[in-house]
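Visitor: Take a look at the following structure, please.
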Amino acid sequence: MERMLTGGFTLGRATLRTRRVAVSNLGQLTGTKAAFVTMGLRAHQDEVAAAASAQSILTITADAGCVVAGKCIVGISGASKTQIIVNKAAARRSGIRFGSAFLMLVKEI
């Protein structure tokens, strides 16, 4: 995904730009709208969740355990078919709200 978005990706009025942020430097997330939480961060999910929640950052991951534990807001898996899960409590803590059309397509926990 990072390679695909190198240089930014514009769709309509939104532009996605990526940069890696080390867990030891979560202050760099200031001004970020969304953060992709990689699978290798299981030991640091509490830190990432606290930083994201304090700054109303949408967290997205492929690690369903992060979503089930309430540390990430959105989980996307794509084994045989794509499934999106949303943790309502985690979203509420971060002040993130989704439109009803999106919520009809996802599984809320």
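Residues are named by chain letter and number: chains run A, B, ... in the order of the structure tokens, numbers start at 1 in each chain, and ligands are numbered from 1 in the order shown.
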I need the residues in chain A that are alpha helix (DSSP H) according to DSSP; give them as a PyMOL selection string.
Guide: chain A and resi 45-54+64-68+88-94+100-103
Visitor: As a ChimeraX atom specification, please: the residues near A:Ile109 (cut-off 9 Å, only C-alpha atoms, same-chain neighbours under 3 positions excluded).
Guide: /A:67-68,85-89
Visitor: Given the selection you just returned, output its residues as a file containing N, CA, C and O atoms, formatted as an mmCIF file, in the first residue's frame.
Guide:
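Written file, again-v2.cif:
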```cif
data_model
loop_
_atom_site.group_PDB
_atom_site.id
_atom_site.type_symbol
_atom_site.label_atom_id
_atom_site.label_comp_id
_atom_site.auth_asym_id
_atom_site.auth_seq_id
_atom_site.Cartn_x
_atom_site.Cartn_y
_atom_site.Cartn_z
ATOM 1 N N VAL A 67 -8.786 -4.677 16.447
ATOM 2 C CA VAL A 67 -10.141 -4.115 16.410
ATOM 3 C C VAL A 67 -10.997 -4.725 17.520
ATOM 4 O O VAL A 67 -11.684 -4.002 18.246
ATOM 5 N N VAL A 68 -10.931 -6.035 17.664
ATOM 6 C CA VAL A 68 -11.717 -6.719 18.698
ATOM 7 C C VAL A 68 -11.328 -6.206 20.091
ATOM 8 O O VAL A 68 -12.188 -6.011 20.945
ATOM 9 N N ILE A 85 -14.580 -4.689 9.572
ATOM 10 C CA ILE A 85 -15.198 -4.620 10.891
ATOM 11 C C ILE A 85 -14.869 -3.270 11.522
ATOM 12 O O ILE A 85 -13.803 -2.710 11.284
ATOM 13 N N VAL A 86 -15.812 -2.757 12.275
ATOM 14 C CA VAL A 86 -15.652 -1.463 12.930
ATOM 15 C C VAL A 86 -15.946 -1.641 14.416
ATOM 16 O O VAL A 86 -16.977 -2.209 14.781
ATOM 17 N N ASN A 87 -15.037 -1.163 15.256
ATOM 18 C CA ASN A 87 -15.261 -1.195 16.693
ATOM 19 C C ASN A 87 -15.931 0.118 17.085
ATOM 20 O O ASN A 87 -15.316 1.188 17.027
ATOM 21 N N LYS A 88 -17.208 0.029 17.464
ATOM 22 C CA LYS A 88 -17.992 1.236 17.783
ATOM 23 C C LYS A 88 -17.413 2.001 18.962
ATOM 24 O O LYS A 88 -17.367 3.229 18.936
ATOM 25 N N ALA A 89 -16.990 1.294 19.994
ATOM 26 C CA ALA A 89 -16.458 1.966 21.189
ATOM 27 C C ALA A 89 -15.159 2.702 20.868
ATOM 28 O O ALA A 89 -14.956 3.831 21.315
#
```
Visitor: Compile the contact shell of A:Ala35 as a list in words: residues with an atom at most 8 Å away, counting only C-alpha atoms, same-chain residues fewer than 2 positions apart removed.
Guide: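 My list of contacting residues is Thr32, Lys33, Val37, Ala52, Ile57, Leu58, Thr59 and Ile60 of chain A.
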Visitor: Of the residues A:Val21, A:Ala49, A:Met104, A:Gly78, which is the one nearest to A:Ala91, using only C-alpha atoms?
Guide: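 Among the listed residues, A:Ala49 lies closest to A:Ala91.
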Visitor: Choose the residue, out of A:Ser80, A:Arg13, A:Arg97, A:Gly31, that has the smallest atom-to-atom separation from A:Ala54; count only C-alpha atoms.
Guide: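 Looking only at the distances to A:Ala54, the closest residue turns out to be A:Gly31.
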Visitor: Using only C-alpha atoms, which of the listed residues (A:Thr82, A:Gln55, A:Leu41, A:Cys66) sits closest to A:Gln28?
Guide: A:Gln55
Visitor: Between atom CA of A:Gly12 and atom CA of A:Thr61, what is the spacing in Å?
Guide: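 We find that atom CA of A:Thr61 and atom CA of A:Gly12 lie 23.8 Å from each other.
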Visitor: Using DSSP secondary structure from the backbone, list all strand (DSSP E) positions within chain A, as a list in words.
Guide: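 Assigned to strand (DSSP E), within chain A: Phe9, Thr10, Leu11, Ala14, Thr15, Leu16, Ala34, Ala35, Phe36, Val37, Leu58, Thr59, Ile60, Thr61, Val74, Gly75, Ile76, Ser77, Gln83, Ile84, Ile85, Val86, Lys107 and Glu108 of chain A.
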Visitor: Using only C-alpha atoms, find the one residue out of A:Leu105, A:Val23, A:Ala50, A:Ala34 that sits nearest to A:Arg93.
Guide: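 Closest residue, counting only C-alpha atoms: A:Ala50.
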